[in-house]
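Peer 1: start-v8.txt (compact mmCIF, C-alpha atoms) pasted underneath:
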```txt
# COMPACT_ATOMS: atom_id res chain seq x y z
CA MET A 1 9.73 -28.49 -17.95
CA ASP A 2 8.33 -25.04 -17.25
CA ILE A 3 5.01 -23.55 -18.30
CA LYS A 4 5.40 -21.85 -21.68
CA THR A 5 1.79 -21.34 -22.79
CA ILE A 6 -1.20 -20.50 -20.63
CA ALA A 7 -4.76 -20.17 -21.91
CA VAL A 8 -7.45 -18.33 -19.98
CA LEU A 9 -11.12 -18.87 -20.79
CA ILE A 10 -12.99 -15.57 -20.88
CA ASP A 11 -16.77 -15.28 -20.78
CA THR A 12 -19.15 -12.40 -20.08
CA SER A 13 -19.42 -12.91 -16.32
CA PRO A 14 -17.98 -10.42 -13.78
CA SER A 15 -15.61 -13.16 -12.53
CA ARG A 16 -13.65 -13.02 -15.79
CA GLU A 17 -11.63 -10.13 -14.39
CA THR A 18 -10.43 -12.37 -11.55
CA ARG A 19 -9.42 -15.16 -13.95
CA MET A 20 -7.66 -12.81 -16.34
CA ASP A 21 -5.64 -11.17 -13.56
CA TYR A 22 -4.72 -14.55 -12.09
CA ALA A 23 -3.63 -15.95 -15.48
CA ILE A 24 -1.65 -12.80 -16.31
CA HIS A 25 0.30 -12.89 -13.03
CA LEU A 26 0.96 -16.59 -13.57
CA ALA A 27 2.19 -15.96 -17.12
CA GLN A 28 4.45 -13.17 -15.91
CA ARG A 29 6.03 -15.38 -13.27
CA HIS A 30 6.79 -18.18 -15.71
CA GLY A 31 7.61 -15.98 -18.70
CA ALA A 32 4.79 -17.73 -20.53
CA HIS A 33 2.79 -16.73 -23.58
CA LEU A 34 -0.86 -16.03 -22.66
CA THR A 35 -3.81 -16.81 -24.91
CA GLY A 36 -7.17 -15.30 -24.06
CA ILE A 37 -10.00 -17.45 -25.43
CA PHE A 38 -13.31 -15.59 -25.49
CA LEU A 39 -16.24 -18.01 -25.41
CA LEU A 40 -19.31 -16.43 -26.93
CA PRO A 41 -22.56 -17.23 -25.07
CA PRO A 42 -24.54 -19.95 -26.85
CA ASP A 43 -27.66 -17.80 -27.24
CA LEU A 44 -25.94 -15.34 -29.61
CA ASP A 45 -26.04 -17.39 -32.79
CA GLY A 46 -29.48 -15.94 -33.50
CA ARG A 47 -31.01 -19.17 -34.75
CA ALA A 48 -33.37 -19.92 -31.87
CA ALA A 49 -34.53 -16.35 -31.39
CA SER A 50 -34.90 -15.64 -35.11
CA SER A 51 -37.26 -18.60 -35.48
CA HIS A 52 -39.91 -16.51 -33.70
CA VAL A 53 -39.44 -13.51 -36.00
CA ARG A 54 -41.63 -13.22 -39.09
CA GLY A 55 -40.85 -11.39 -42.32
CA GLN A 56 -37.56 -10.92 -44.13
CA THR A 57 -37.11 -7.34 -42.98
CA ALA A 58 -37.76 -8.22 -39.33
CA ILE A 59 -35.41 -11.21 -39.49
CA ALA A 60 -32.65 -9.15 -41.11
CA GLU A 61 -33.04 -6.45 -38.47
CA HIS A 62 -32.98 -9.00 -35.68
CA LEU A 63 -29.81 -10.62 -37.02
CA HIS A 64 -28.22 -7.20 -37.46
CA HIS A 65 -28.86 -6.35 -33.79
CA GLN A 66 -27.50 -9.75 -32.79
CA GLN A 67 -24.30 -9.08 -34.72
CA ILE A 68 -23.92 -5.65 -33.13
CA ARG A 69 -24.34 -7.21 -29.70
CA LYS A 70 -21.83 -9.92 -30.52
CA ASP A 71 -19.28 -7.43 -31.86
CA ASP A 72 -19.69 -5.30 -28.75
CA MET A 73 -19.11 -8.29 -26.44
CA ILE A 74 -15.99 -9.27 -28.38
CA ARG A 75 -14.63 -5.71 -28.33
CA GLN A 76 -15.19 -5.35 -24.57
CA ALA A 77 -13.57 -8.73 -23.86
CA ARG A 78 -10.59 -8.00 -26.12
CA ASP A 79 -10.04 -4.50 -24.69
CA SER A 80 -10.23 -5.75 -21.10
CA PHE A 81 -7.88 -8.68 -21.74
CA GLU A 82 -5.28 -6.65 -23.62
CA LYS A 83 -5.39 -3.82 -21.08
CA HIS A 84 -4.82 -6.24 -18.18
CA ALA A 85 -1.97 -7.99 -20.02
CA ALA A 86 -0.28 -4.71 -21.00
CA ARG A 87 -0.12 -3.60 -17.38
CA GLN A 88 2.04 -6.63 -16.56
CA ASP A 89 3.95 -6.60 -19.86
CA VAL A 90 2.83 -10.14 -20.73
CA ARG A 91 3.01 -11.50 -24.29
CA CYS A 92 -0.52 -12.34 -25.32
CA GLU A 93 -2.99 -13.06 -28.08
CA PHE A 94 -6.80 -13.00 -28.19
CA ARG A 95 -8.98 -15.64 -29.83
CA ILE A 96 -12.71 -16.06 -30.27
CA HIS A 97 -14.51 -19.38 -30.00
CA THR A 98 -18.11 -19.86 -30.95
CA PRO A 99 -20.37 -22.38 -29.15
CA ARG A 100 -20.42 -25.19 -31.72
CA GLY A 101 -19.95 -28.07 -29.35
CA GLU A 102 -17.28 -29.77 -27.32
CA ASP A 103 -14.77 -30.30 -30.15
CA GLU A 104 -14.77 -26.60 -31.03
CA ARG A 105 -14.00 -25.65 -27.44
CA ARG A 106 -11.09 -28.05 -27.20
CA ILE A 107 -9.05 -26.40 -29.94
CA GLY A 108 -7.55 -23.53 -28.00
CA ALA A 109 -6.83 -25.58 -24.92
CA LEU A 110 -5.00 -28.43 -26.67
CA HIS A 111 -1.92 -26.31 -27.33
CA ALA A 112 -1.53 -24.88 -23.83
CA ASP A 113 0.40 -26.21 -20.84
CA LEU A 114 -2.28 -24.95 -18.49
CA VAL A 115 -5.80 -23.54 -18.80
CA VAL A 116 -7.18 -21.03 -16.29
CA ALA A 117 -10.96 -21.22 -16.09
CA ALA A 118 -13.98 -20.77 -13.85
CA PRO A 119 -15.36 -23.64 -11.79
CA PRO A 120 -18.18 -25.34 -13.77
CA HIS A 121 -21.01 -23.92 -11.64
CA GLU A 122 -19.80 -20.34 -12.27
CA SER A 123 -19.74 -20.61 -16.06
CA TRP A 124 -22.40 -20.65 -18.78
CA LEU A 125 -20.61 -23.72 -20.12
CA ASP A 126 -23.14 -25.68 -18.09
CA ASP A 127 -25.68 -24.74 -20.79
CA GLY A 128 -23.77 -26.81 -23.34
CA PRO A 129 -21.85 -30.04 -22.84
CA PRO A 130 -21.09 -30.49 -19.13
CA ALA A 131 -18.28 -28.12 -18.20
CA ASP A 132 -16.24 -30.83 -16.52
CA VAL A 133 -16.43 -32.88 -19.73
CA VAL A 134 -15.19 -29.95 -21.80
CA GLN A 135 -12.37 -29.36 -19.35
CA LEU A 136 -11.17 -32.89 -18.81
CA SER A 137 -11.57 -33.96 -22.42
CA THR A 138 -8.77 -31.62 -23.49
CA GLY A 139 -6.11 -33.65 -21.64
CA VAL A 140 -4.71 -30.31 -20.42
CA PRO A 141 -4.62 -29.45 -16.69
CA PHE A 142 -7.23 -26.89 -15.70
CA LEU A 143 -6.69 -24.37 -12.94
CA LEU A 144 -10.14 -23.38 -11.69
CA VAL A 145 -10.21 -19.99 -9.97
CA PRO A 146 -13.32 -19.18 -7.87
CA GLU A 147 -14.92 -15.76 -8.32
CA SER A 148 -14.40 -15.04 -4.62
CA TRP A 149 -10.61 -15.54 -4.85
CA HIS A 150 -8.71 -12.27 -4.39
CA ASN A 151 -5.06 -13.32 -4.17
CA MET A 152 -3.67 -12.76 -7.65
CA GLU A 153 -0.13 -13.87 -6.80
CA PRO A 154 0.99 -17.24 -8.20
CA PRO A 155 0.53 -20.08 -5.70
CA GLN A 156 3.08 -20.36 -2.90
CA ARG A 157 1.43 -22.85 -0.51
CA ILE A 158 0.13 -25.83 -2.45
CA LEU A 159 -1.85 -28.78 -1.13
CA ILE A 160 -1.81 -32.10 -3.00
CA GLY A 161 -4.64 -34.55 -2.42
CA TRP A 162 -2.81 -37.87 -2.78
CA ASN A 163 -4.36 -41.34 -2.93
CA ALA A 164 -1.62 -43.23 -4.84
CA SER A 165 -3.79 -43.43 -7.97
CA ARG A 166 -2.77 -42.95 -11.59
CA GLU A 167 -4.86 -39.78 -11.66
CA SER A 168 -3.11 -38.31 -8.62
CA ARG A 169 0.25 -39.10 -10.17
CA ARG A 170 -0.77 -37.40 -13.42
CA ALA A 171 -1.93 -34.32 -11.51
CA ILE A 172 1.41 -34.05 -9.73
CA GLY A 173 3.27 -34.32 -13.03
CA ASP A 174 1.11 -31.59 -14.56
CA ALA A 175 1.60 -29.36 -11.51
CA LEU A 176 5.39 -29.82 -11.25
CA PRO A 177 6.30 -26.36 -12.66
CA LEU A 178 4.07 -24.78 -10.02
CA LEU A 179 5.21 -27.11 -7.24
CA ALA A 180 8.89 -26.40 -7.94
CA ARG A 181 8.35 -22.65 -7.50
CA ALA A 182 6.15 -22.90 -4.40
CA SER A 183 7.51 -21.98 -0.99
CA SER A 184 5.81 -25.01 0.59
CA VAL A 185 3.97 -28.10 -0.61
CA THR A 186 1.93 -30.48 1.53
CA VAL A 187 1.02 -33.99 0.40
CA LEU A 188 -2.21 -34.76 2.23
CA ILE A 189 -3.24 -38.42 2.48
CA VAL A 190 -6.71 -38.87 3.93
CA ASP A 191 -7.26 -42.32 5.43
CA PRO A 192 -4.00 -43.79 4.04
CA GLN A 193 -4.98 -47.28 5.13
CA ALA A 194 -7.78 -47.20 2.55
CA SER A 195 -5.69 -46.16 -0.48
CA LEU A 196 -2.14 -47.38 0.12
CA PRO A 197 -0.75 -50.94 0.14
CA ALA A 198 -0.38 -52.48 3.60
CA GLY A 199 2.99 -51.79 5.19
CA GLU A 200 3.90 -48.92 2.86
CA GLU A 201 5.01 -45.71 4.53
CA PRO A 202 2.31 -43.17 3.57
CA GLY A 203 3.60 -40.80 0.92
CA MET A 204 7.23 -41.97 1.00
CA GLU A 205 7.55 -42.73 -2.72
CA VAL A 206 5.82 -39.59 -3.92
CA ALA A 207 7.81 -37.51 -1.44
CA MET A 208 11.11 -38.85 -2.78
CA PHE A 209 9.97 -38.21 -6.34
CA LEU A 210 9.12 -34.58 -5.55
CA LEU A 211 12.26 -34.00 -3.51
CA ARG A 212 14.38 -35.04 -6.49
CA HIS A 213 12.65 -32.29 -8.44
CA GLY A 214 13.61 -29.75 -5.79
CA VAL A 215 10.13 -29.45 -4.30
CA ARG A 216 10.03 -28.39 -0.66
CA LEU A 217 7.35 -30.53 0.94
CA THR A 218 5.85 -32.22 3.95
CA VAL A 219 3.65 -35.32 4.06
CA ASP A 220 0.64 -35.39 6.35
CA PRO A 221 -1.38 -38.62 6.75
CA LEU A 222 -4.76 -37.69 8.20
CA GLN A 223 -7.72 -39.70 9.44
CA SER A 224 -11.18 -38.57 8.37
CA HIS A 225 -12.92 -40.24 11.33
CA GLY A 226 -15.94 -40.80 9.13
CA ARG A 227 -16.16 -37.26 7.81
CA ALA A 228 -16.57 -36.60 4.09
CA ILE A 229 -13.17 -36.45 2.41
CA PRO A 230 -13.89 -33.20 0.51
CA GLU A 231 -14.78 -31.57 3.82
CA VAL A 232 -11.51 -32.77 5.35
CA ILE A 233 -9.45 -31.52 2.39
CA LEU A 234 -11.11 -28.10 2.23
CA GLU A 235 -10.91 -27.55 5.98
CA TYR A 236 -7.23 -28.47 5.91
CA ALA A 237 -6.53 -26.17 2.96
CA VAL A 238 -8.32 -23.18 4.46
CA SER A 239 -6.99 -23.58 8.01
CA ASN A 240 -3.41 -23.88 6.73
CA ASP A 241 -3.65 -20.95 4.28
CA HIS A 242 -3.07 -23.01 1.16
CA ASP A 243 -3.57 -21.08 -2.06
CA MET A 244 -3.97 -24.04 -4.42
CA ILE A 245 -5.22 -27.63 -4.29
CA VAL A 246 -3.89 -30.21 -6.78
CA LEU A 247 -6.20 -33.11 -7.55
CA GLY A 248 -6.52 -35.92 -10.07
CA ALA A 249 -9.70 -36.94 -11.90
CA TYR A 250 -10.41 -39.69 -14.36
CA SER A 251 -12.47 -40.45 -17.43
CA HIS A 252 -13.95 -43.62 -18.88
CA ALA A 253 -12.45 -43.67 -22.37
CA ARG A 254 -14.59 -46.50 -23.73
CA ALA A 255 -17.84 -44.86 -22.66
CA ARG A 256 -16.45 -41.41 -23.60
CA GLU A 257 -17.73 -39.98 -20.36
CA ILE A 258 -16.20 -38.29 -17.38
CA VAL A 259 -16.42 -40.36 -14.24
CA LEU A 260 -15.78 -37.85 -11.53
CA GLY A 261 -15.59 -39.41 -8.11
CA GLY A 262 -17.49 -37.87 -5.23
CA VAL A 263 -14.36 -36.17 -3.90
CA THR A 264 -13.54 -34.49 -7.21
CA ARG A 265 -17.09 -33.40 -7.95
CA SER A 266 -17.61 -32.01 -4.46
CA LEU A 267 -14.37 -30.05 -4.60
CA LEU A 268 -15.32 -28.65 -8.01
CA ARG A 269 -18.53 -27.31 -6.48
CA GLN A 270 -17.29 -26.20 -3.08
CA SER A 271 -13.64 -25.19 -3.16
CA PRO A 272 -12.98 -21.54 -2.19
CA VAL A 273 -9.35 -22.15 -3.17
CA PRO A 274 -8.00 -22.42 -6.76
CA LEU A 275 -8.10 -26.05 -7.82
CA LEU A 276 -5.73 -27.63 -10.35
CA ILE A 277 -7.39 -30.69 -11.81
CA SER A 278 -6.08 -33.07 -14.47
CA HIS A 279 -6.62 -36.60 -15.71
```
As structure tokens, how would this structure be written, given the file I've shared?
Peer 2:
Amino acid sequence: MDIKTIAVLIDTSPSRETRMDYAIHLAQRHGAHLTGIFLLPPDLDGRAASSHVRGQTAIAEHLHHQQIRKDDMIRQARDSFEKHAARQDVRCEFRIHTPRGEDERRIGALHADLVVAAPPHESWLDDGPPADVVQLSTGVPFLLVPESWHNMEPPQRILIGWNASRESRRAIGDALPLLARASSVTVLIVDPQASLPAGEEPGMEVAMFLLRHGVRLTVDPLQSHGRAIPEVILEYAVSNDHDMIVLGAYSHARAREIVLGGVTRSLLRQSPVPLLISH
């Protein structure tokens, strides 16, 4: 199954240009439809600020200026998105989402195969429900593109962080359309003795699964020697010129909370490389 619909989350930060370009090149490569979802900042609803304004005339004027500001933000975001998409001849549509909570933000992402977004610490989403909750609660894989990333080409050298968990398996399934088109894929298993059954050849089963899908790959078991696993993964990715990391995460359905392990959370904060995360 290929990627047919990609959504890109657009905010007011300078890094939105990076995300839009990345998503547009990805959509072009896969022949996918691209949906730009503009997320209005939560302080534009006018309610909090207007509570300090006295008098009907003053309140009306304040709300009028708020609406002008909002319309201007929407226009700038729409113009930028459509201009970028037109340059690459990508089929696209533009939507607006207002900050009314987690459920409202899910809507646009539920009907996409992949969502391109900013890492949580680079987005104002941290002002609302935790960004990782918003992302993982959609059930859609998120491709987090750091602001500092400058390679707009779709990923060619992909690194998979594999620990034989359900979450890792789900991440590989979600990433298959990207893995199949990559020039090289590495399955990295850090401290395999800690995550794999005794006597099992590290990565053999997942390697056979990927090979049957036509993925060109190598498997690299690696010892951490006591170093933090995120540090090992990031150092490996950077030193081997990988342009994407694929990682699984998990949620606690009964508690309705995201339980991000230390590895996942650290990579969300630190990765200089685009990170595909799913659960």
Peer 1: To one decimal place, how far is CA of Val246 (chain A) from CA of Pro146 (chain A) in Å?
Peer 2: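 Between CA of Val246 (chain A) and CA of Pro146 (chain A) the gap is 14.6 Å.
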Peer 1: If you measure from CA of Asp191 (chain A) to CA of Ser239 (chain A), what distance in Å do you get, rounded to one decimal?
Peer 2: 18.9 Å
Peer 1: Kindly give the distance, in Å, that separates CA of Ile189 (chain A) and CA of Trp162 (chain A), rounded to a single decimal.
Peer 2: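 These two atoms are separated by 5.3 Å.
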Peer 1: Region 22-25 of chain A: which residues within 12 Å, counting all atoms listed in the file, same-chain residues fewer than 6 positions away excluded, as a ChimeraX atom specification?
Peer 2: /A:3,5-10,15-16,31-37,81-93,114-118,142-147,149-155,274
Peer 1: Ranking A:Leu159, A:Leu178, A:Ala112, A:Leu222 by minimum distance to Val238 (chain A) and counting all atoms listed in the file, which one comes first?
Peer 2: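 For Val238 (chain A), the nearest of the candidates is A:Leu159.
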Peer 1: For Arg181 (chain A), which residue among A:Val206, A:Val215, A:Ala58, A:Leu40 is the nearest when counting all atoms listed in the file?
Peer 2: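 Looking only at the distances to Arg181 (chain A), the closest residue turns out to be A:Val215.
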Peer 1: Out of A:Ser165, A:Thr18, A:Gln28, A:Gln223, which residue has the shortest atom-to-atom distance to Ser148 (chain A) when counting all atoms listed in the file?
Peer 2: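 Among the listed residues, the smallest separation from Ser148 (chain A) belongs to A:Thr18.
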Peer 1: May I have the protein, DNA and RNA residues with any atom at most 12 Å from the point (3.0, -29.5, -7.3), counting all atoms listed in the file, written as a CSV table (one decimal) with C-alpha atoms, in the frame of the given file?
Peer 2:
```csv
chain,number,residue,atom,x,y,z
A,155,PRO,CA,0.5,-20.1,-5.7
A,156,GLN,CA,3.1,-20.4,-2.9
A,157,ARG,CA,1.4,-22.8,-0.5
A,158,ILE,CA,0.1,-25.8,-2.4
A,159,LEU,CA,-1.8,-28.8,-1.1
A,160,ILE,CA,-1.8,-32.1,-3.0
A,161,GLY,CA,-4.6,-34.6,-2.4
A,162,TRP,CA,-2.8,-37.9,-2.8
A,168,SER,CA,-3.1,-38.3,-8.6
A,169,ARG,CA,0.2,-39.1,-10.2
A,170,ARG,CA,-0.8,-37.4,-13.4
A,171,ALA,CA,-1.9,-34.3,-11.5
A,172,ILE,CA,1.4,-34.0,-9.7
A,173,GLY,CA,3.3,-34.3,-13.0
A,174,ASP,CA,1.1,-31.6,-14.6
A,175,ALA,CA,1.6,-29.4,-11.5
A,176,LEU,CA,5.4,-29.8,-11.2
A,177,PRO,CA,6.3,-26.4,-12.7
A,178,LEU,CA,4.1,-24.8,-10.0
A,179,LEU,CA,5.2,-27.1,-7.2
A,180,ALA,CA,8.9,-26.4,-7.9
A,181,ARG,CA,8.4,-22.6,-7.5
A,182,ALA,CA,6.2,-22.9,-4.4
A,183,SER,CA,7.5,-22.0,-1.0
A,184,SER,CA,5.8,-25.0,0.6
A,185,VAL,CA,4.0,-28.1,-0.6
A,186,THR,CA,1.9,-30.5,1.5
A,187,VAL,CA,1.0,-34.0,0.4
A,206,VAL,CA,5.8,-39.6,-3.9
A,207,ALA,CA,7.8,-37.5,-1.4
A,209,PHE,CA,10.0,-38.2,-6.3
A,210,LEU,CA,9.1,-34.6,-5.6
A,211,LEU,CA,12.3,-34.0,-3.5
A,213,HIS,CA,12.6,-32.3,-8.4
A,214,GLY,CA,13.6,-29.8,-5.8
A,215,VAL,CA,10.1,-29.4,-4.3
A,216,ARG,CA,10.0,-28.4,-0.7
A,217,LEU,CA,7.4,-30.5,0.9
A,218,THR,CA,5.8,-32.2,4.0
A,243,ASP,CA,-3.6,-21.1,-2.1
A,244,MET,CA,-4.0,-24.0,-4.4
A,245,ILE,CA,-5.2,-27.6,-4.3
A,246,VAL,CA,-3.9,-30.2,-6.8
A,247,LEU,CA,-6.2,-33.1,-7.6
A,248,GLY,CA,-6.5,-35.9,-10.1
A,275,LEU,CA,-8.1,-26.0,-7.8
A,276,LEU,CA,-5.7,-27.6,-10.4
A,277,ILE,CA,-7.4,-30.7,-11.8
```
Peer 1: From the list A:Arg212, A:Arg269, A:His30, A:His97, which residue is nearest Pro119 (chain A) when using all atoms listed in the file?
Peer 2: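 Distance minimum relative to Pro119 (chain A) lands on A:Arg269.
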Peer 1: Using all atoms listed in the file, which of the listed residues (A:Thr98, A:Asp72, A:Ile59, A:Val190) sits closest to Val219 (chain A)?
Peer 2: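 Closest to Val219 (chain A) of all the choices is A:Val190.
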Peer 1: Name the closest residue to Pro192 (chain A) among the candidates A:Glu61, A:Ile229, A:Asp71, A:Met20; distances are taken between atoms, counting only C-alpha atoms.
Peer 2: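 Using only C-alpha atoms, Pro192 (chain A) sits closest to A:Ile229.
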